[in-house]
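I have placed the structure first, in the form of structure tokens, so that the comments after it can refer back to it.
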Amino acid sequence: MERLDELKEILKKPRRIVITMHQKPDGDALGSALGLHNYLIKKGHDSTVVTPTDYPQFLKWMPGNDSVVDYEKDPEKSVKTVEAAEIIFCLDFNKLNRLGGLFESVEASDAKIVMIDHHLDPDDYDDFRMSVPTASSTAELIYDLILLFGDESFIDLDIAECLYSGIMTDTGSFRFNSTTPKVHMIAAELLKKGVDLNKVHGNIMDTFSEARMRFFGYCIKEKLTILPEYRMAYIAVSAEEIRKYYLKTGDTEGLVNYPLSLDNVKFAALIIDRTLPGSKETLIKLSLRSTGSFSVYEITHKYFNGGGHKNAAGGISSLSLEDTLKKLLDLLPQYKEQLNTD
């Protein structure tokens, strides 16, 4: 980490600290935030996790979740908490616009900003930085940071459960290419702290509602399109279909991985119309996944105002669902050679 000793010196006395993460936080964003939060509380700091938006119900069992402040539900408290902070930890994102409604408050803050993240091409908005694109997850980096501070003994079951959850979710249950020997060693150390992997996995992975299960089945049966010549498969979902199944935050999580599990598919896309009812502004979200050397980050970064990792990236579009899909498919010929190697 850059300027580690300086940050350690600042943290030697109790500070008012805010921990925040990107909109619609996933398991890594919330797991790393709550893991860090529980650690800072043990160190005597006044720590508050402030999320820009809501997040899936299946993440709300994590230790410390009850104290999370949601900007969407309580913007006044969220802004006041940020304004009072001496230090703001920005976890699992490296561009301030990922903060949504919290953006202006954090940007205007006089607090020291600490970025801890593993995405490519970070913006320059921080005072302290731990940016490691090769890391499996931000939770892995929080574990590293605690060790760099010499505080491995502070890691208790609550911290371990949060960090294990973050690592598990961002590695696809330890099957993605980012799962290095180091990641397994960290997981082993967290298990030694008493983490029940069946509990963690069950709380996160085995909590489908009937509506979510039926929606997945509908998408796989009716919406899945396979393009063998490009080793590509996609699912495109309209706003009406989302509403039909009464989906909640997090209910599309993991759906993009199903096309990627097909034999001979190297590139998968999930395109969802997230336009709000009555809104004049179209919002299409893309979630792209790949295997091997093919970079979906390049596609989201160049064409869809997005980012992420080489094999897992996301983007947005203000075009219609049909036009966004056409834009994506029109790109495929230029990537055909890449998609048909390996």
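Letters for chains follow the order of the structure tokens (A, B, ...), residue numbers begin at 1 for each chain, and ligand numbers begin at 1 in the order shown.
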
Determine, for each residue of segment 160-236 of chain A having at least one atom at most 10 Å from an atom of segment 55-65 of chain A, the closest pair of atoms and their separation in Å to one decimal, counting only C-alpha atoms; order by chain and ascending number, as JSON lines.
```
{"residue": "A:Ala160", "atom": "CA", "partner": "A:Pro63", "partner_atom": "CA", "distance": 9.8}
{"residue": "A:Glu161", "atom": "CA", "partner": "A:Met62", "partner_atom": "CA", "distance": 7.3}
{"residue": "A:Cys162", "atom": "CA", "partner": "A:Met62", "partner_atom": "CA", "distance": 6.2}
{"residue": "A:Leu163", "atom": "CA", "partner": "A:Met62", "partner_atom": "CA", "distance": 9.9}
{"residue": "A:Ser165", "atom": "CA", "partner": "A:Met62", "partner_atom": "CA", "distance": 8.6}
{"residue": "A:Val200", "atom": "CA", "partner": "A:Met62", "partner_atom": "CA", "distance": 9.1}
{"residue": "A:Gly202", "atom": "CA", "partner": "A:Phe58", "partner_atom": "CA", "distance": 9.4}
{"residue": "A:Asn203", "atom": "CA", "partner": "A:Phe58", "partner_atom": "CA", "distance": 6.1}
{"residue": "A:Ile204", "atom": "CA", "partner": "A:Phe58", "partner_atom": "CA", "distance": 5.2}
{"residue": "A:Met205", "atom": "CA", "partner": "A:Phe58", "partner_atom": "CA", "distance": 7.9}
{"residue": "A:Asp206", "atom": "CA", "partner": "A:Phe58", "partner_atom": "CA", "distance": 8.8}
{"residue": "A:Thr207", "atom": "CA", "partner": "A:Phe58", "partner_atom": "CA", "distance": 6.6}
{"residue": "A:Phe208", "atom": "CA", "partner": "A:Phe58", "partner_atom": "CA", "distance": 8.8}
```

- Item | DSSP-assigned alpha helix (DSSP H) among segment 50-238 of chain A, expressed as number ranges by chain | A: 75-84, 103-108, 138-148, 157-170, 181-192, 197-205, 210-218

- Query: If you count only C-alpha atoms, which residues fall within 12 Å of His45 of chain A, apart from same-chain ones fewer than 3 positions away, as a ChimeraX atom specification?
  - Reply: /A:10-19,36-42,48,85-87

Could you please take those selected residues and save N, CA, C and O atoms as an mmCIF file, in the first residue's frame?
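File again05.cif, as written:
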```
data_model
loop_
_atom_site.group_PDB
_atom_site.id
_atom_site.type_symbol
_atom_site.label_atom_id
_atom_site.label_comp_id
_atom_site.auth_asym_id
_atom_site.auth_seq_id
_atom_site.Cartn_x
_atom_site.Cartn_y
_atom_site.Cartn_z
ATOM 1 N N ILE A 10 -1.822 8.103 11.286
ATOM 2 C CA ILE A 10 -3.103 8.785 11.410
ATOM 3 C C ILE A 10 -4.087 7.961 12.230
ATOM 4 O O ILE A 10 -4.885 8.494 13.022
ATOM 5 N N LEU A 11 -4.038 6.646 12.068
ATOM 6 C CA LEU A 11 -4.986 5.750 12.736
ATOM 7 C C LEU A 11 -4.560 5.352 14.150
ATOM 8 O O LEU A 11 -5.220 4.531 14.785
ATOM 9 N N LYS A 12 -3.487 5.956 14.642
ATOM 10 C CA LYS A 12 -3.035 5.616 15.995
ATOM 11 C C LYS A 12 -3.977 6.133 17.072
ATOM 12 O O LYS A 12 -3.993 5.624 18.187
ATOM 13 N N LYS A 13 -4.752 7.162 16.747
ATOM 14 C CA LYS A 13 -5.738 7.645 17.707
ATOM 15 C C LYS A 13 -7.129 7.499 17.102
ATOM 16 O O LYS A 13 -7.276 7.429 15.875
ATOM 17 N N PRO A 14 -8.162 7.425 17.939
ATOM 18 C CA PRO A 14 -9.518 7.208 17.430
ATOM 19 C C PRO A 14 -9.939 8.287 16.425
ATOM 20 O O PRO A 14 -9.720 9.482 16.641
ATOM 21 N N ARG A 15 -10.540 7.836 15.337
ATOM 22 C CA ARG A 15 -10.982 8.742 14.276
ATOM 23 C C ARG A 15 -12.446 8.476 13.935
ATOM 24 O O ARG A 15 -12.965 7.379 14.140
ATOM 25 N N ARG A 16 -13.074 9.514 13.390
ATOM 26 C CA ARG A 16 -14.419 9.344 12.823
ATOM 27 C C ARG A 16 -14.234 8.855 11.379
ATOM 28 O O ARG A 16 -13.689 9.578 10.540
ATOM 29 N N ILE A 17 -14.677 7.637 11.116
ATOM 30 C CA ILE A 17 -14.400 6.981 9.835
ATOM 31 C C ILE A 17 -15.702 6.572 9.155
ATOM 32 O O ILE A 17 -16.615 6.047 9.796
ATOM 33 N N VAL A 18 -15.761 6.837 7.866
ATOM 34 C CA VAL A 18 -16.847 6.338 7.029
ATOM 35 C C VAL A 18 -16.278 5.329 6.044
ATOM 36 O O VAL A 18 -15.200 5.554 5.468
ATOM 37 N N ILE A 19 -16.974 4.240 5.873
ATOM 38 C CA ILE A 19 -16.625 3.232 4.866
ATOM 39 C C ILE A 19 -17.759 3.192 3.858
ATOM 40 O O ILE A 19 -18.922 3.040 4.239
ATOM 41 N N LEU A 36 -13.818 -4.583 7.388
ATOM 42 C CA LEU A 36 -13.013 -3.436 7.817
ATOM 43 C C LEU A 36 -13.684 -2.710 8.971
ATOM 44 O O LEU A 36 -13.021 -2.306 9.940
ATOM 45 N N HIS A 37 -14.991 -2.515 8.895
ATOM 46 C CA HIS A 37 -15.746 -1.841 9.948
ATOM 47 C C HIS A 37 -15.568 -2.537 11.295
ATOM 48 O O HIS A 37 -15.258 -1.900 12.314
ATOM 49 N N ASN A 38 -15.748 -3.845 11.317
ATOM 50 C CA ASN A 38 -15.618 -4.587 12.571
ATOM 51 C C ASN A 38 -14.196 -4.510 13.123
ATOM 52 O O ASN A 38 -13.995 -4.454 14.346
ATOM 53 N N TYR A 39 -13.220 -4.486 12.227
ATOM 54 C CA TYR A 39 -11.823 -4.333 12.643
ATOM 55 C C TYR A 39 -11.579 -2.953 13.250
ATOM 56 O O TYR A 39 -10.957 -2.829 14.328
ATOM 57 N N LEU A 40 -12.057 -1.914 12.587
ATOM 58 C CA LEU A 40 -11.826 -0.543 13.079
ATOM 59 C C LEU A 40 -12.520 -0.299 14.412
ATOM 60 O O LEU A 40 -11.990 0.415 15.270
ATOM 61 N N ILE A 41 -13.695 -0.886 14.587
ATOM 62 C CA ILE A 41 -14.384 -0.781 15.876
ATOM 63 C C ILE A 41 -13.519 -1.392 16.978
ATOM 64 O O ILE A 41 -13.375 -0.823 18.068
ATOM 65 N N LYS A 42 -12.939 -2.546 16.711
ATOM 66 C CA LYS A 42 -12.062 -3.191 17.700
ATOM 67 C C LYS A 42 -10.839 -2.346 18.012
ATOM 68 O O LYS A 42 -10.287 -2.408 19.111
ATOM 69 N N THR A 48 -18.546 3.997 10.604
ATOM 70 C CA THR A 48 -19.897 3.832 10.063
ATOM 71 C C THR A 48 -19.805 3.422 8.602
ATOM 72 O O THR A 48 -19.062 4.032 7.824
ATOM 73 N N ALA A 85 -16.878 12.945 8.817
ATOM 74 C CA ALA A 85 -15.780 11.963 8.774
ATOM 75 C C ALA A 85 -14.415 12.641 8.670
ATOM 76 O O ALA A 85 -14.247 13.653 7.984
ATOM 77 N N GLU A 86 -13.443 12.039 9.349
ATOM 78 C CA GLU A 86 -12.040 12.446 9.209
ATOM 79 C C GLU A 86 -11.338 11.596 8.150
ATOM 80 O O GLU A 86 -10.387 12.045 7.513
ATOM 81 N N ILE A 87 -11.806 10.364 7.996
ATOM 82 C CA ILE A 87 -11.249 9.435 7.008
ATOM 83 C C ILE A 87 -12.407 8.737 6.310
ATOM 84 O O ILE A 87 -13.376 8.321 6.960
#
```

- May I have the residues within 10 Å of segment 326-331 of chain A as a list of chain:residue names, using only C-alpha atoms and disregarding those fewer than 6 positions away in the same chain? A:Leu227, A:Tyr230, A:Met232, A:Tyr234, A:Ala269, A:Ile271, A:Leu286, A:Ile299, A:Thr300, A:Tyr303, A:Phe304, A:Ser317, A:Leu319, A:Ser320

Serialized selection, N, CA, C and O atoms, as a compact mmCIF listing (two decimals), in the first residue's frame:
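File produced: out26.txt:
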```
# COMPACT_ATOMS: atom_id res chain seq x y z
N LEU A 227 -24.64 -17.97 -30.04
CA LEU A 227 -24.03 -17.65 -31.33
C LEU A 227 -22.75 -18.47 -31.47
O LEU A 227 -21.66 -18.02 -31.11
N TYR A 230 -19.32 -17.22 -32.81
CA TYR A 230 -18.55 -16.29 -31.98
C TYR A 230 -18.27 -16.85 -30.58
O TYR A 230 -17.72 -16.14 -29.75
N MET A 232 -20.29 -17.20 -28.27
CA MET A 232 -20.93 -16.20 -27.44
C MET A 232 -22.38 -16.59 -27.16
O MET A 232 -23.04 -17.22 -28.00
N TYR A 234 -26.01 -14.93 -24.96
CA TYR A 234 -26.52 -13.77 -24.23
C TYR A 234 -27.96 -13.96 -23.81
O TYR A 234 -28.71 -14.77 -24.37
N ALA A 269 -23.14 -12.56 -22.03
CA ALA A 269 -23.65 -11.23 -21.74
C ALA A 269 -25.06 -11.32 -21.17
O ALA A 269 -25.88 -12.11 -21.64
N ILE A 271 -28.04 -8.52 -20.58
CA ILE A 271 -28.43 -7.14 -20.85
C ILE A 271 -29.82 -6.93 -20.30
O ILE A 271 -30.76 -7.64 -20.67
N LEU A 286 -25.40 -3.72 -18.66
CA LEU A 286 -24.77 -4.89 -19.25
C LEU A 286 -23.83 -5.53 -18.24
O LEU A 286 -23.06 -4.84 -17.56
N ILE A 299 -14.35 -4.20 -23.90
CA ILE A 299 -15.64 -3.87 -24.53
C ILE A 299 -16.42 -2.86 -23.69
O ILE A 299 -16.92 -1.86 -24.21
N THR A 300 -16.53 -3.10 -22.39
CA THR A 300 -17.30 -2.18 -21.56
C THR A 300 -16.62 -0.83 -21.47
O THR A 300 -17.28 0.22 -21.48
N TYR A 303 -16.90 0.93 -25.16
CA TYR A 303 -18.18 1.13 -25.84
C TYR A 303 -19.39 1.35 -24.92
O TYR A 303 -20.43 1.80 -25.38
N PHE A 304 -19.24 1.04 -23.62
CA PHE A 304 -20.42 1.09 -22.76
C PHE A 304 -20.17 1.81 -21.43
O PHE A 304 -20.83 1.49 -20.43
N SER A 317 -25.90 1.74 -20.93
CA SER A 317 -26.25 2.31 -22.23
C SER A 317 -27.53 3.11 -22.08
O SER A 317 -28.42 2.74 -21.32
N LEU A 319 -29.20 3.79 -24.90
CA LEU A 319 -29.99 3.35 -26.05
C LEU A 319 -31.10 2.42 -25.58
O LEU A 319 -31.11 1.98 -24.43
N SER A 320 -32.00 2.10 -26.47
CA SER A 320 -33.04 1.12 -26.13
C SER A 320 -32.40 -0.25 -25.93
O SER A 320 -31.25 -0.48 -26.31
```

- Surrounding residues of Leu99 of chain A excluding itself and chain neighbours under 2 positions, 12 Å, only C-alpha atoms, as number ranges by chain: A: 19-25, 50-53, 70-72, 90-97, 101-107

Can those selected residues be exported to a file as a short mmCIF file (atom, residue, chain, number, x, y, z; two decimals), in the first residue's frame so that it contains N, CA and C atoms?
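Below you can see part-v4.cif, which holds the result:
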```cif
data_model
loop_
_atom_site.label_atom_id
_atom_site.label_comp_id
_atom_site.auth_asym_id
_atom_site.auth_seq_id
_atom_site.Cartn_x
_atom_site.Cartn_y
_atom_site.Cartn_z
N ILE A 19 -16.97 4.24 5.87
CA ILE A 19 -16.62 3.23 4.87
C ILE A 19 -17.76 3.19 3.86
N THR A 20 -17.43 3.33 2.59
CA THR A 20 -18.48 3.29 1.58
C THR A 20 -18.05 2.41 0.42
N MET A 21 -19.00 2.13 -0.47
CA MET A 21 -18.75 1.23 -1.58
C MET A 21 -19.63 1.63 -2.75
N HIS A 22 -19.54 0.91 -3.85
CA HIS A 22 -20.30 1.27 -5.05
C HIS A 22 -21.79 1.00 -4.89
N GLN A 23 -22.58 1.60 -5.79
CA GLN A 23 -24.02 1.38 -5.80
C GLN A 23 -24.33 -0.11 -5.98
N LYS A 24 -25.47 -0.52 -5.43
CA LYS A 24 -25.90 -1.92 -5.50
C LYS A 24 -24.76 -2.86 -5.10
N PRO A 25 -24.23 -2.70 -3.90
CA PRO A 25 -23.08 -3.49 -3.48
C PRO A 25 -23.33 -5.00 -3.54
N VAL A 50 -21.60 3.44 5.14
CA VAL A 50 -22.66 4.16 4.43
C VAL A 50 -22.71 3.62 3.00
N THR A 51 -23.84 3.04 2.63
CA THR A 51 -24.00 2.49 1.29
C THR A 51 -24.81 3.46 0.43
N PRO A 52 -24.45 3.62 -0.84
CA PRO A 52 -25.20 4.53 -1.71
C PRO A 52 -26.62 4.05 -2.01
N THR A 53 -26.81 2.72 -1.97
CA THR A 53 -28.11 2.15 -2.32
C THR A 53 -28.39 0.92 -1.46
N ASP A 70 -28.11 3.51 4.87
CA ASP A 70 -28.45 3.45 3.45
C ASP A 70 -28.83 4.85 2.97
N TYR A 71 -28.07 5.39 2.04
CA TYR A 71 -28.32 6.74 1.54
C TYR A 71 -29.72 6.88 0.96
N GLU A 72 -30.19 5.87 0.25
CA GLU A 72 -31.52 5.95 -0.35
C GLU A 72 -32.62 6.06 0.71
N CYS A 90 -12.93 4.13 0.63
CA CYS A 90 -13.71 3.82 -0.56
C CYS A 90 -13.33 2.43 -1.02
N LEU A 91 -14.25 1.48 -0.88
CA LEU A 91 -13.93 0.08 -1.11
C LEU A 91 -14.63 -0.47 -2.35
N ASP A 92 -13.89 -1.23 -3.13
CA ASP A 92 -14.41 -1.99 -4.26
C ASP A 92 -14.90 -1.11 -5.40
N PHE A 93 -14.38 0.10 -5.51
CA PHE A 93 -14.62 0.94 -6.69
C PHE A 93 -13.48 1.94 -6.78
N ASN A 94 -13.20 2.39 -7.99
CA ASN A 94 -12.09 3.33 -8.15
C ASN A 94 -12.46 4.57 -8.96
N LYS A 95 -13.77 4.78 -9.14
CA LYS A 95 -14.25 5.99 -9.81
C LYS A 95 -15.40 6.54 -8.98
N LEU A 96 -15.30 7.80 -8.58
CA LEU A 96 -16.27 8.36 -7.64
C LEU A 96 -17.70 8.36 -8.17
N ASN A 97 -17.87 8.34 -9.49
CA ASN A 97 -19.24 8.33 -10.00
C ASN A 97 -19.97 7.03 -9.69
N GLY A 101 -25.75 8.97 -5.57
CA GLY A 101 -26.15 10.15 -4.81
C GLY A 101 -25.16 10.59 -3.76
N LEU A 102 -24.25 9.72 -3.35
CA LEU A 102 -23.23 10.09 -2.35
C LEU A 102 -22.04 10.81 -2.97
N PHE A 103 -22.00 10.86 -4.29
CA PHE A 103 -20.84 11.39 -5.00
C PHE A 103 -20.45 12.78 -4.52
N GLU A 104 -21.39 13.71 -4.51
CA GLU A 104 -21.08 15.10 -4.19
C GLU A 104 -20.57 15.25 -2.76
N SER A 105 -21.15 14.52 -1.83
CA SER A 105 -20.74 14.62 -0.43
C SER A 105 -19.31 14.14 -0.23
N VAL A 106 -18.98 13.02 -0.85
CA VAL A 106 -17.63 12.48 -0.71
C VAL A 106 -16.62 13.36 -1.44
N GLU A 107 -16.99 13.82 -2.62
CA GLU A 107 -16.09 14.68 -3.39
C GLU A 107 -15.79 15.98 -2.65
#
```

- Message: Going by DSSP on the backbone, which residues of segment 119-252 of chain A come out as strand (DSSP E)? List them as a ChimeraX atom specification.
- Response: /A:128-131,224-227,232-237

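Taking atom CA of Asp121 of chain A and atom CA of Ile88 of chain A as the two end points, the separation is 20.3 Å.
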
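Taking atom CA of Ile272 of chain A and atom CA of Lys285 of chain A as the two end points, the separation is 5.4 Å.
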
- Tell me, as a PyMOL selection string, which residues lie within 12 Å of Asp117 of chain A, counting only C-alpha atoms; anything in the same chain fewer than 5 positions away does not count. chain A and resi 1+20-22+28-29+32-33+89-95+122-123+126+128-142+145+308-309

Would you write out those residues with N, CA and C atoms, as a short mmCIF file (atom, residue, chain, number, x, y, z; two decimals), in the first residue's frame?
```cif
data_model
loop_
_atom_site.label_atom_id
_atom_site.label_comp_id
_atom_site.auth_asym_id
_atom_site.auth_seq_id
_atom_site.Cartn_x
_atom_site.Cartn_y
_atom_site.Cartn_z
N MET A 1 0.84 -1.20 0.00
CA MET A 1 0.00 0.00 0.00
C MET A 1 0.87 1.24 0.00
N THR A 20 -17.43 3.33 2.59
CA THR A 20 -18.48 3.29 1.58
C THR A 20 -18.05 2.41 0.42
N MET A 21 -19.00 2.13 -0.47
CA MET A 21 -18.75 1.23 -1.58
C MET A 21 -19.63 1.63 -2.75
N HIS A 22 -19.54 0.91 -3.85
CA HIS A 22 -20.30 1.27 -5.05
C HIS A 22 -21.79 1.00 -4.89
N ASP A 28 -18.67 -8.89 -2.24
CA ASP A 28 -17.33 -8.39 -1.95
C ASP A 28 -17.37 -6.98 -1.40
N ALA A 29 -18.19 -6.12 -1.99
CA ALA A 29 -18.27 -4.74 -1.52
C ALA A 29 -18.73 -4.69 -0.07
N SER A 32 -16.20 -6.75 2.40
CA SER A 32 -14.97 -6.02 2.71
C SER A 32 -15.27 -4.83 3.61
N ALA A 33 -16.41 -4.15 3.35
CA ALA A 33 -16.75 -2.98 4.16
C ALA A 33 -17.04 -3.37 5.61
N PHE A 89 -13.00 5.54 3.75
CA PHE A 89 -12.50 4.40 3.01
C PHE A 89 -13.45 4.12 1.85
N CYS A 90 -12.93 4.13 0.63
CA CYS A 90 -13.71 3.82 -0.56
C CYS A 90 -13.33 2.43 -1.02
N LEU A 91 -14.25 1.48 -0.88
CA LEU A 91 -13.93 0.08 -1.11
C LEU A 91 -14.63 -0.47 -2.35
N ASP A 92 -13.89 -1.23 -3.13
CA ASP A 92 -14.41 -1.99 -4.26
C ASP A 92 -14.90 -1.11 -5.40
N PHE A 93 -14.38 0.10 -5.51
CA PHE A 93 -14.62 0.94 -6.69
C PHE A 93 -13.48 1.94 -6.78
N ASN A 94 -13.20 2.39 -7.99
CA ASN A 94 -12.09 3.33 -8.15
C ASN A 94 -12.46 4.57 -8.96
N LYS A 95 -13.77 4.78 -9.14
CA LYS A 95 -14.25 5.99 -9.81
C LYS A 95 -15.40 6.54 -8.98
N PRO A 122 -7.76 2.99 -12.15
CA PRO A 122 -8.35 3.84 -11.11
C PRO A 122 -8.22 5.33 -11.42
N ASP A 123 -9.23 6.09 -11.03
CA ASP A 123 -9.15 7.54 -11.10
C ASP A 123 -8.28 8.06 -9.96
N ASP A 126 -7.86 9.97 -4.52
CA ASP A 126 -7.58 9.49 -3.19
C ASP A 126 -6.30 10.09 -2.62
N PHE A 128 -4.69 8.02 -0.10
CA PHE A 128 -3.97 6.77 0.15
C PHE A 128 -4.60 5.70 -0.75
N ARG A 129 -3.76 4.82 -1.26
CA ARG A 129 -4.26 3.87 -2.25
C ARG A 129 -3.68 2.47 -2.05
N MET A 130 -4.58 1.50 -2.14
CA MET A 130 -4.21 0.09 -2.22
C MET A 130 -4.97 -0.47 -3.40
N SER A 131 -4.39 -0.38 -4.57
CA SER A 131 -5.04 -0.78 -5.82
C SER A 131 -4.26 -1.94 -6.42
N VAL A 132 -4.87 -3.12 -6.41
CA VAL A 132 -4.19 -4.33 -6.87
C VAL A 132 -5.13 -5.08 -7.81
N PRO A 133 -5.09 -4.80 -9.13
CA PRO A 133 -6.01 -5.44 -10.07
C PRO A 133 -5.90 -6.96 -10.12
N THR A 134 -4.76 -7.50 -9.70
CA THR A 134 -4.60 -8.95 -9.73
C THR A 134 -5.21 -9.64 -8.51
N ALA A 135 -5.65 -8.87 -7.54
CA ALA A 135 -6.25 -9.46 -6.34
C ALA A 135 -7.60 -10.07 -6.68
N SER A 136 -7.96 -11.10 -5.97
CA SER A 136 -9.23 -11.79 -6.21
C SER A 136 -10.43 -10.94 -5.85
N SER A 137 -10.22 -10.06 -4.88
CA SER A 137 -11.35 -9.34 -4.29
C SER A 137 -10.82 -8.20 -3.43
N THR A 138 -11.70 -7.28 -3.11
CA THR A 138 -11.33 -6.23 -2.15
C THR A 138 -11.22 -6.83 -0.76
N ALA A 139 -12.01 -7.85 -0.46
CA ALA A 139 -11.91 -8.51 0.84
C ALA A 139 -10.52 -9.09 1.07
N GLU A 140 -9.92 -9.63 0.01
CA GLU A 140 -8.54 -10.11 0.12
C GLU A 140 -7.60 -8.97 0.51
N LEU A 141 -7.83 -7.79 -0.07
CA LEU A 141 -6.97 -6.64 0.23
C LEU A 141 -7.18 -6.14 1.65
N ILE A 142 -8.40 -6.21 2.17
CA ILE A 142 -8.64 -5.82 3.56
C ILE A 142 -7.90 -6.77 4.49
N LEU A 145 -4.37 -5.71 4.40
CA LEU A 145 -4.16 -4.47 5.12
C LEU A 145 -4.08 -4.71 6.63
N GLY A 308 -14.29 -2.71 -14.87
CA GLY A 308 -14.29 -3.97 -14.14
C GLY A 308 -12.98 -4.70 -14.26
N HIS A 309 -13.05 -5.97 -14.64
CA HIS A 309 -11.88 -6.83 -14.75
C HIS A 309 -11.82 -7.42 -16.17
#
```

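The smallest atom-to-atom distance between Tyr297 of chain A and any of A:Lys199, A:His119, A:Lys266, A:Arg98, using only C-alpha atoms, is found for A:His119.
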
- Restricting the calculation to only C-alpha atoms, which member of A:Ser238, A:Phe215, A:Glu298, A:Glu152 is positioned closest to Thr252 of chain A? A:Phe215
